[in-house]
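Chemist: I'd like to ask some things about the structure below.
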2 protein chains.
Amino acid sequence: MRLDHADLAKRIERGDRRALARAITLVESSRIDHRAQADDLMERLGAPARSLRIGLSGPPGAGKSTFIESLGPALIKKGHRIAVLAIDPSSVVGGGSILGDKTRMERLSLHADAFIRPTPANTGFGGVARRTPEVIRVVEAAGFDIVIVETVGVGQSEVAVASMSDLFVLLLSPGAGDELQGIKRGIVELADMIFVNKDDGNLAADAARTAADYRKALSLFIGKSEGWPVEVHRCSALTGHGIDDAVDCILRYRRWYEASGALDKRRFEQARAWLWSEITEQLRERVETRPGLGDIVESSERAIASDRISAAAAAKRVIERYFESTMTNEGDER
Amino acid sequence: MRLDHADLAKRIERGDRRALARAITLVESSRIDHRAQADDLMERLGAPARSLRIGLSGPPGAGKSTFIESLGPALIKKGHRIAVLAIDPSSVVGGGSILGDKTRMERLSLHADAFIRPTPANTGFGGVARRTPEVIRVVEAAGFDIVIVETVGVGQSEVAVASMSDLFVLLLSPGAGDELQGIKRGIVELADMIFVNKDDGNLAADAARTAADYRKALSLFIGKSEGWPVEVHRCSALTGHGIDDAVDCILRYRRWYEASGALDKRRFEQARAWLWSEITEQLRERVETRPGLGDIVESSERAIASDRISAAAAAKRVIERYFESTMTNEGDER
């Protein structure tokens, strides 16, 4: 397919959902020709208004999807448009998606001011789809001013999602401490705010205790952002209790985040990290895909395995051969 | 300092400890001129006999140093020579070492057939000193046929140490499950064998229970290596009880590892991972240190931060500018 990117960009900006879906598929593609087309499209999108990028994480069973189903309409009622990118660790690009087959967030997905998209997890960027930052930009161009990136797994992906968020929200179940919830140490420190879900029925007492425990624990830390003390709230995505408070907390955070200069600061730090991550990945891909380097790579692997050369020295030789091949173009002839 | 590397290599092979220490300092140095000298030295060392590379890990307080103090002499008695590289997360290259100041493994360090060296943790290779594989080769050249790499921290460094080990040993304290010992999920799956330490006095009953729990848990997994079922043993580094069993288990493993072909297979897989890790690091360093690229890097960071360009497209431009500068050498003139 050859797309007219100027037209596609215009359709995205008008909020055309089919154009939006098509653009995301293009951006997520690992095909080289698609990459060039995606770069072209991204440039035509220009610089959209800045959305609030929310990373949402929590242990399996905390009720992340139900929470979003409950939070989404409450944010829409306040005049916002919500995009949800659900990172799906069970799928790879082009290999189909388990989440895509399931009817998750069914109610919210029917809403005119909501857009829900499962994103295949990739190995590129800490387990999170390498292209997620670009997908965020595409949905921002379509006028969504709150983008929620939901991680399903627990672990490395949280760090990556936190690194691309303006606001990192941790959703917990009532009950035991970190360890029993399967939250790695360090994840709590990434959070800008914490919600304890399932504050209903039998679990209400546990929810109160969990919230109190986390409040106490957090009082021992210096907050992640200077000027924003981490808040812990209780809610029930099931009954809707506490959801308005959650919305209030998120919108208060947004006002503080924009006014304090934290937005500019954090986005700049993120940009630096992304740039170097991309430079490193692309350089590696160039060497990996260079024709004519297979022999030196294989003989280097054998030599390292039998301790005849250090990995550092072998890598240097491979890189030098790579540069020679780009100079003389001899690699292209194969 | 300008060293005669042929002479230094010969002195290392004769077992000269000052030469050994000097070579390790050179290999660990991040100075560019030292790197070239280190590569030269490594080549002169040739391919030493293959040692058994043991990664030793466990939660803080499991008694790793005491265990090595107890295990070392028992292995020496069987005719082996032991080098211990203790990864020290509290120090960086050139910044001094906390472990180096402490008198750890005092008894073992006095032994003629033992060599103990604290290694500063670096950010290069999953938190483990990027040069640890090379340091291993240097001590192997000095005739140490068992090299123990001890990690102090818990977390990412275990994965890196497991990736450079022939045998990954997990040392546990008697008591609670994984979570309470601060072991991350996934670390247990890296283990080739597990020792429950402190099987003495009041803790003996707990040690028995912990060993039984882990045996049961491991029976649910497929072993890490086909043909080597993970064993769980109890020992007391304090009383020496069970240490001979530990030695026996390690030496049985070594025989199986060499005879089964697992050694060749694992070393080759490790070599491939190291080579690509080094290629990636070195390419990044080349771009980072290239004169004249500062402007495009900074403007790219700003453009990404304000959503005017994707990280992918910006990285591509930086890389292209880098290649242009290497062709024309304009970068060198600054």
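Letters A, B, ... mark the chains of the structure tokens in the order given; residue numbers begin at 1 per chain; ligand numbers begin at 1, in order shown.
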Tell me, as a ChimeraX atom specification, which residues lie within 8 Å of Ala208 (chain A), counting only C-alpha atoms; anything in the same chain fewer than 5 positions away does not count.
Modeler: /A:174,199,234
Chemist: Take the residues just selected and output them with C-alpha atoms as an mmCIF file, in the first residue's frame.
Modeler:
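Generated output (again_39.cif):
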```
data_model
loop_
_atom_site.group_PDB
_atom_site.id
_atom_site.type_symbol
_atom_site.label_atom_id
_atom_site.label_comp_id
_atom_site.auth_asym_id
_atom_site.auth_seq_id
_atom_site.Cartn_x
_atom_site.Cartn_y
_atom_site.Cartn_z
ATOM 1 C CA PRO A 174 -6.399 -4.142 49.060
ATOM 2 C CA ASP A 199 -12.676 -0.250 48.315
ATOM 3 C CA ARG A 234 -9.075 4.671 47.770
#
```
Chemist: Please return, as a ChimeraX atom specification, all residues of chain B lying within 6 Å of chain A when only C-alpha atoms are considered.
Modeler: /B:47,179,267-268,271-272,274-275,278-280,284,301,304-305,307-308,311-312,315
Chemist: Find, counting only C-alpha atoms, the residue in A:Ser109, A:Asn197, A:Ser236, A:Ser29 that gets nearest to Thr210 (chain A).
Modeler: A:Asn197
Chemist: I'd like the contact shell of region 192-196 of chain B - 6 Å cut-off, only C-alpha atoms, skipping same-chain residues fewer than 6 positions apart - returned as an MDAnalysis selection string.
Modeler: chainID B and resid 167:173 230:234
Chemist: What's around Gly175 (chain B) at 8 Å? Count only C-alpha atoms, leave out sequence neighbours fewer than 3 positions away in its own chain, and write the answer as a list in words.
Modeler: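 My list of contacting residues is Asp206, Ala207, Arg209 and Thr210 of chain B.
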Chemist: From the set A:Phe67, A:Phe144, A:Trp256, A:Tyr322, which residue has the shortest atom-to-atom contact distance to Ile12 (chain A), counting only C-alpha atoms?
Modeler: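 The shortest atom-to-atom distance to Ile12 (chain A) comes from A:Phe144.
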Chemist: Just list as an NGL selection string whatever in region 106-332 of chain A DSSP marks as alpha helix (DSSP H).
Modeler: :A and (106-109 or 132-141 or 156-163 or 178-181 or 187-190 or 204-218 or 243-259 or 262-289 or 294-305 or 311-328)
Chemist: Quote the spacing between CA of Ala9 (chain B) and CA of Ile87 (chain B) in Å to one decimal place.
Modeler: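 Interatomic distance here is 24.2 Å.
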Chemist: State, in Å with one decimal place, the distance from CA of Glu258 (chain B) to CA of Ser163 (chain B).
Modeler: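 These two atoms are separated by 17.4 Å.
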Chemist: I'd like the contact shell of Arg81 (chain B) - 8 Å cut-off, only C-alpha atoms, skipping same-chain residues fewer than 3 positions apart - returned as a list in words.
Modeler: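 In the requested format, the answer is Leu75, Ile76, Asp113, Ala114, Gly143, Phe144, Asp145 and Ile146 of chain B.
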Chemist: Leu251 (chain A): which residues within 10 Å, counting only C-alpha atoms, same-chain residues fewer than 5 positions away excluded, as a PDB file with C-alpha atoms, in the first residue's frame?
Modeler:
```pdb
ATOM      1  CA  LEU A  52      -1.298  14.514  29.733  1.00  0.00           C
ATOM      2  CA  LEU A  75     -12.803  12.448  32.562  1.00  0.00           C
ATOM      3  CA  LYS A  78     -15.101  17.094  32.390  1.00  0.00           C
ATOM      4  CA  ASP A 245     -11.754  12.049  43.664  1.00  0.00           C
ATOM      5  CA  ALA A 246      -9.352  10.251  41.330  1.00  0.00           C
ATOM      6  CA  TRP A 256       0.566  21.728  38.938  1.00  0.00           C
ATOM      7  CA  TYR A 257       2.625  19.836  36.337  1.00  0.00           C
TER       8      TYR A 257
END
```
Chemist: Please list as a PyMOL selection string every residue within 7 Å of Val149 (chain B), counting only C-alpha atoms and excluding residues in the same chain fewer than 2 positions away.
Modeler: chain B and resi 54-56+84-86+147+151
Chemist: Enumerate, as a compact mmCIF listing (two decimals) with all heavy atoms, in the first residue's frame, the complete set of residues in region 65-310 of chain A that a backbone-based DSSP assignment places in strand (DSSP E).
Modeler:
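Wrote result-v9.txt, looks like this:
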```
# COMPACT_ATOMS: atom_id res chain seq x y z
N ILE A 82 -10.14 10.87 25.69
CA ILE A 82 -9.24 9.88 26.28
C ILE A 82 -8.79 8.84 25.27
O ILE A 82 -9.62 8.18 24.63
CB ILE A 82 -9.95 9.10 27.42
CG1 ILE A 82 -10.79 10.01 28.29
CG2 ILE A 82 -8.96 8.27 28.23
CD1 ILE A 82 -10.00 11.06 29.01
N ALA A 83 -7.47 8.64 25.13
CA ALA A 83 -6.96 7.51 24.36
C ALA A 83 -6.29 6.53 25.33
O ALA A 83 -5.58 6.96 26.24
CB ALA A 83 -5.96 7.99 23.31
N VAL A 84 -6.53 5.26 25.14
CA VAL A 84 -5.94 4.23 25.99
C VAL A 84 -5.09 3.30 25.13
O VAL A 84 -5.59 2.71 24.17
CB VAL A 84 -7.02 3.40 26.72
CG1 VAL A 84 -6.38 2.35 27.62
CG2 VAL A 84 -7.95 4.30 27.53
N LEU A 85 -3.80 3.21 25.44
CA LEU A 85 -2.92 2.27 24.76
C LEU A 85 -2.59 1.17 25.75
O LEU A 85 -1.94 1.42 26.77
CB LEU A 85 -1.64 2.98 24.29
CG LEU A 85 -1.86 4.28 23.50
CD1 LEU A 85 -0.52 4.97 23.24
CD2 LEU A 85 -2.59 3.99 22.20
N ALA A 86 -3.10 -0.02 25.49
CA ALA A 86 -2.88 -1.12 26.43
C ALA A 86 -1.74 -1.99 25.92
O ALA A 86 -1.86 -2.62 24.88
CB ALA A 86 -4.16 -1.94 26.58
N ILE A 87 -0.62 -1.96 26.64
CA ILE A 87 0.53 -2.75 26.22
C ILE A 87 0.20 -4.22 26.47
O ILE A 87 -0.15 -4.61 27.59
CB ILE A 87 1.80 -2.40 27.02
CG1 ILE A 87 2.07 -0.91 26.98
CG2 ILE A 87 2.99 -3.21 26.52
CD1 ILE A 87 2.73 -0.40 25.75
N ASP A 88 0.31 -5.00 25.43
CA ASP A 88 -0.07 -6.41 25.50
C ASP A 88 1.18 -7.28 25.42
O ASP A 88 1.74 -7.46 24.36
CB ASP A 88 -1.01 -6.71 24.32
CG ASP A 88 -1.45 -8.15 24.29
OD1 ASP A 88 -0.94 -8.94 25.11
OD2 ASP A 88 -2.31 -8.47 23.46
N ALA A 114 -13.50 8.55 23.19
CA ALA A 114 -12.49 7.61 23.68
C ALA A 114 -11.96 6.78 22.53
O ALA A 114 -12.65 6.55 21.54
CB ALA A 114 -13.09 6.70 24.75
N PHE A 115 -10.71 6.38 22.66
CA PHE A 115 -10.08 5.54 21.64
C PHE A 115 -9.22 4.51 22.36
O PHE A 115 -8.39 4.89 23.20
CB PHE A 115 -9.22 6.40 20.70
CG PHE A 115 -8.47 5.61 19.67
CD1 PHE A 115 -9.11 5.16 18.51
CD2 PHE A 115 -7.12 5.31 19.84
CE1 PHE A 115 -8.41 4.43 17.56
CE2 PHE A 115 -6.42 4.58 18.89
CZ PHE A 115 -7.08 4.15 17.74
N ILE A 116 -9.45 3.24 22.09
CA ILE A 116 -8.73 2.19 22.81
C ILE A 116 -7.96 1.34 21.82
O ILE A 116 -8.50 0.91 20.80
CB ILE A 116 -9.69 1.34 23.65
CG1 ILE A 116 -10.27 2.23 24.75
CG2 ILE A 116 -8.98 0.14 24.27
CD1 ILE A 116 -11.39 1.63 25.51
N ARG A 117 -6.70 1.12 22.12
CA ARG A 117 -5.84 0.40 21.18
C ARG A 117 -4.90 -0.52 21.94
O ARG A 117 -4.08 -0.04 22.73
CB ARG A 117 -5.04 1.42 20.38
CG ARG A 117 -3.95 0.85 19.53
CD ARG A 117 -4.42 0.58 18.13
NE ARG A 117 -3.34 0.00 17.35
CZ ARG A 117 -3.41 -0.19 16.04
NH1 ARG A 117 -4.47 0.19 15.37
NH2 ARG A 117 -2.40 -0.74 15.38
N PRO A 118 -4.97 -1.82 21.69
CA PRO A 118 -3.95 -2.69 22.28
C PRO A 118 -2.66 -2.53 21.48
O PRO A 118 -2.70 -2.38 20.26
CB PRO A 118 -4.53 -4.10 22.10
CG PRO A 118 -5.65 -3.98 21.14
CD PRO A 118 -5.90 -2.54 20.83
N THR A 119 -1.54 -2.50 22.18
CA THR A 119 -0.25 -2.30 21.53
C THR A 119 0.62 -3.52 21.80
O THR A 119 0.78 -3.90 22.95
CB THR A 119 0.43 -1.05 22.12
OG1 THR A 119 -0.40 0.08 21.84
CG2 THR A 119 1.79 -0.81 21.49
N PRO A 120 1.15 -4.13 20.75
CA PRO A 120 1.99 -5.31 21.01
C PRO A 120 3.26 -4.92 21.74
O PRO A 120 3.87 -3.91 21.44
CB PRO A 120 2.30 -5.83 19.61
CG PRO A 120 2.07 -4.68 18.70
CD PRO A 120 1.05 -3.80 19.34
N ILE A 146 -5.84 13.36 26.84
CA ILE A 146 -5.34 12.50 27.92
C ILE A 146 -5.06 11.13 27.32
O ILE A 146 -5.94 10.52 26.69
CB ILE A 146 -6.35 12.39 29.08
CG1 ILE A 146 -6.49 13.77 29.77
CG2 ILE A 146 -5.92 11.33 30.10
CD1 ILE A 146 -7.37 13.78 31.00
N VAL A 147 -3.81 10.69 27.44
CA VAL A 147 -3.42 9.40 26.87
C VAL A 147 -3.00 8.49 28.02
O VAL A 147 -2.10 8.84 28.78
CB VAL A 147 -2.26 9.54 25.87
CG1 VAL A 147 -1.91 8.18 25.25
CG2 VAL A 147 -2.59 10.56 24.78
N ILE A 148 -3.69 7.37 28.15
CA ILE A 148 -3.35 6.42 29.23
C ILE A 148 -2.61 5.24 28.62
O ILE A 148 -3.11 4.59 27.70
CB ILE A 148 -4.62 5.93 29.96
CG1 ILE A 148 -5.37 7.13 30.56
CG2 ILE A 148 -4.26 4.91 31.04
CD1 ILE A 148 -6.70 6.76 31.21
N VAL A 149 -1.39 4.99 29.09
CA VAL A 149 -0.65 3.81 28.66
C VAL A 149 -0.73 2.79 29.79
O VAL A 149 -0.20 3.02 30.88
CB VAL A 149 0.82 4.13 28.33
CG1 VAL A 149 1.55 2.88 27.87
CG2 VAL A 149 0.91 5.22 27.27
N GLU A 150 -1.42 1.70 29.53
CA GLU A 150 -1.64 0.70 30.56
C GLU A 150 -0.65 -0.45 30.36
O GLU A 150 -0.53 -0.98 29.26
CB GLU A 150 -3.07 0.15 30.45
CG GLU A 150 -3.39 -0.91 31.49
CD GLU A 150 -4.53 -1.84 31.09
OE1 GLU A 150 -5.28 -1.51 30.17
OE2 GLU A 150 -4.63 -2.91 31.70
N THR A 151 0.08 -0.83 31.40
CA THR A 151 0.94 -2.01 31.27
C THR A 151 0.27 -3.18 31.96
O THR A 151 -0.24 -3.06 33.07
CB THR A 151 2.32 -1.82 31.92
OG1 THR A 151 2.14 -1.25 33.21
CG2 THR A 151 3.19 -0.93 31.09
N LEU A 167 2.62 11.42 34.19
CA LEU A 167 2.02 11.03 35.46
C LEU A 167 2.01 9.51 35.52
O LEU A 167 1.46 8.86 34.62
CB LEU A 167 0.57 11.57 35.50
CG LEU A 167 -0.39 10.98 36.55
CD1 LEU A 167 0.12 11.25 37.95
CD2 LEU A 167 -1.79 11.57 36.37
N PHE A 168 2.66 8.96 36.53
CA PHE A 168 2.69 7.50 36.65
C PHE A 168 1.80 7.10 37.82
O PHE A 168 2.04 7.48 38.96
CB PHE A 168 4.12 7.02 36.86
CG PHE A 168 4.26 5.52 36.77
CD1 PHE A 168 4.11 4.85 35.57
CD2 PHE A 168 4.55 4.76 37.91
CE1 PHE A 168 4.24 3.47 35.48
CE2 PHE A 168 4.69 3.38 37.83
CZ PHE A 168 4.53 2.73 36.61
N VAL A 169 0.72 6.36 37.50
CA VAL A 169 -0.27 5.97 38.50
C VAL A 169 -0.11 4.49 38.81
O VAL A 169 -0.02 3.66 37.91
CB VAL A 169 -1.70 6.23 37.96
CG1 VAL A 169 -2.74 5.69 38.94
CG2 VAL A 169 -1.92 7.70 37.69
N LEU A 170 -0.06 4.19 40.09
CA LEU A 170 0.00 2.80 40.52
C LEU A 170 -1.36 2.42 41.09
O LEU A 170 -1.88 3.11 41.97
CB LEU A 170 1.09 2.67 41.58
CG LEU A 170 1.52 1.26 41.99
CD1 LEU A 170 2.03 0.47 40.80
CD2 LEU A 170 2.60 1.35 43.07
N LEU A 171 -1.93 1.33 40.56
CA LEU A 171 -3.21 0.84 41.06
C LEU A 171 -2.97 -0.44 41.86
O LEU A 171 -2.36 -1.38 41.37
CB LEU A 171 -4.16 0.56 39.89
CG LEU A 171 -5.62 0.26 40.30
CD1 LEU A 171 -6.32 1.55 40.72
CD2 LEU A 171 -6.38 -0.39 39.15
N LEU A 172 -3.45 -0.45 43.10
CA LEU A 172 -3.21 -1.61 43.97
C LEU A 172 -4.52 -2.27 44.39
O LEU A 172 -5.57 -1.64 44.39
CB LEU A 172 -2.47 -1.15 45.24
CG LEU A 172 -1.09 -0.53 45.04
CD1 LEU A 172 -0.56 -0.02 46.38
CD2 LEU A 172 -0.13 -1.55 44.45
N MET A 193 1.12 9.05 41.90
CA MET A 193 -0.02 8.89 42.79
C MET A 193 -0.43 7.41 42.81
O MET A 193 -0.11 6.66 41.90
CB MET A 193 -1.20 9.79 42.40
CG MET A 193 -1.84 9.56 41.07
SD MET A 193 -3.07 10.86 40.64
CE MET A 193 -2.04 12.33 40.46
N ILE A 194 -1.10 7.03 43.91
CA ILE A 194 -1.48 5.63 44.11
C ILE A 194 -2.97 5.55 44.40
O ILE A 194 -3.49 6.34 45.19
CB ILE A 194 -0.67 5.02 45.28
CG1 ILE A 194 0.83 4.97 44.93
CG2 ILE A 194 -1.20 3.63 45.67
CD1 ILE A 194 1.72 4.44 46.04
N PHE A 195 -3.64 4.63 43.72
CA PHE A 195 -5.03 4.36 44.05
C PHE A 195 -5.17 2.92 44.53
O PHE A 195 -4.64 2.01 43.91
CB PHE A 195 -5.94 4.59 42.82
CG PHE A 195 -5.92 6.01 42.32
CD1 PHE A 195 -5.41 6.31 41.07
CD2 PHE A 195 -6.39 7.05 43.11
CE1 PHE A 195 -5.38 7.63 40.61
CE2 PHE A 195 -6.36 8.37 42.67
CZ PHE A 195 -5.86 8.66 41.41
N VAL A 196 -5.86 2.77 45.65
CA VAL A 196 -6.17 1.43 46.13
C VAL A 196 -7.59 1.12 45.69
O VAL A 196 -8.54 1.74 46.16
CB VAL A 196 -6.04 1.33 47.67
CG1 VAL A 196 -6.34 -0.09 48.13
CG2 VAL A 196 -4.63 1.75 48.11
N GLU A 231 0.14 11.21 46.57
CA GLU A 231 -1.10 11.00 47.31
C GLU A 231 -1.57 9.56 47.15
O GLU A 231 -1.34 8.94 46.12
CB GLU A 231 -2.19 11.96 46.79
CG GLU A 231 -1.83 13.43 46.98
CD GLU A 231 -2.92 14.37 46.47
OE1 GLU A 231 -4.07 13.93 46.29
OE2 GLU A 231 -2.59 15.55 46.25
N VAL A 232 -2.23 9.05 48.19
CA VAL A 232 -2.80 7.71 48.13
C VAL A 232 -4.30 7.83 48.34
O VAL A 232 -4.75 8.38 49.35
CB VAL A 232 -2.20 6.79 49.23
CG1 VAL A 232 -2.77 5.38 49.13
CG2 VAL A 232 -0.67 6.77 49.15
N HIS A 233 -5.08 7.38 47.37
CA HIS A 233 -6.54 7.45 47.47
C HIS A 233 -7.15 6.06 47.36
O HIS A 233 -6.57 5.18 46.74
CB HIS A 233 -7.11 8.34 46.36
CG HIS A 233 -6.69 9.77 46.46
ND1 HIS A 233 -7.33 10.68 47.25
CD2 HIS A 233 -5.67 10.44 45.87
CE1 HIS A 233 -6.74 11.85 47.14
NE2 HIS A 233 -5.72 11.75 46.31
N ARG A 234 -8.34 5.92 47.92
CA ARG A 234 -9.07 4.67 47.77
C ARG A 234 -10.19 4.87 46.76
O ARG A 234 -10.71 5.99 46.62
CB ARG A 234 -9.69 4.24 49.11
CG ARG A 234 -8.68 3.64 50.05
CD ARG A 234 -9.35 3.34 51.37
NE ARG A 234 -9.50 4.54 52.18
CZ ARG A 234 -10.36 4.66 53.19
NH1 ARG A 234 -11.18 3.65 53.48
NH2 ARG A 234 -10.42 5.77 53.90
```
Chemist: One decimal, Å: what's the distance from CA of Glu13 (chain A) over to CA of Ile136 (chain A), could you say?
Modeler: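 Atom-to-atom, CA of Glu13 (chain A) to CA of Ile136 (chain A), that is 13.7 Å.
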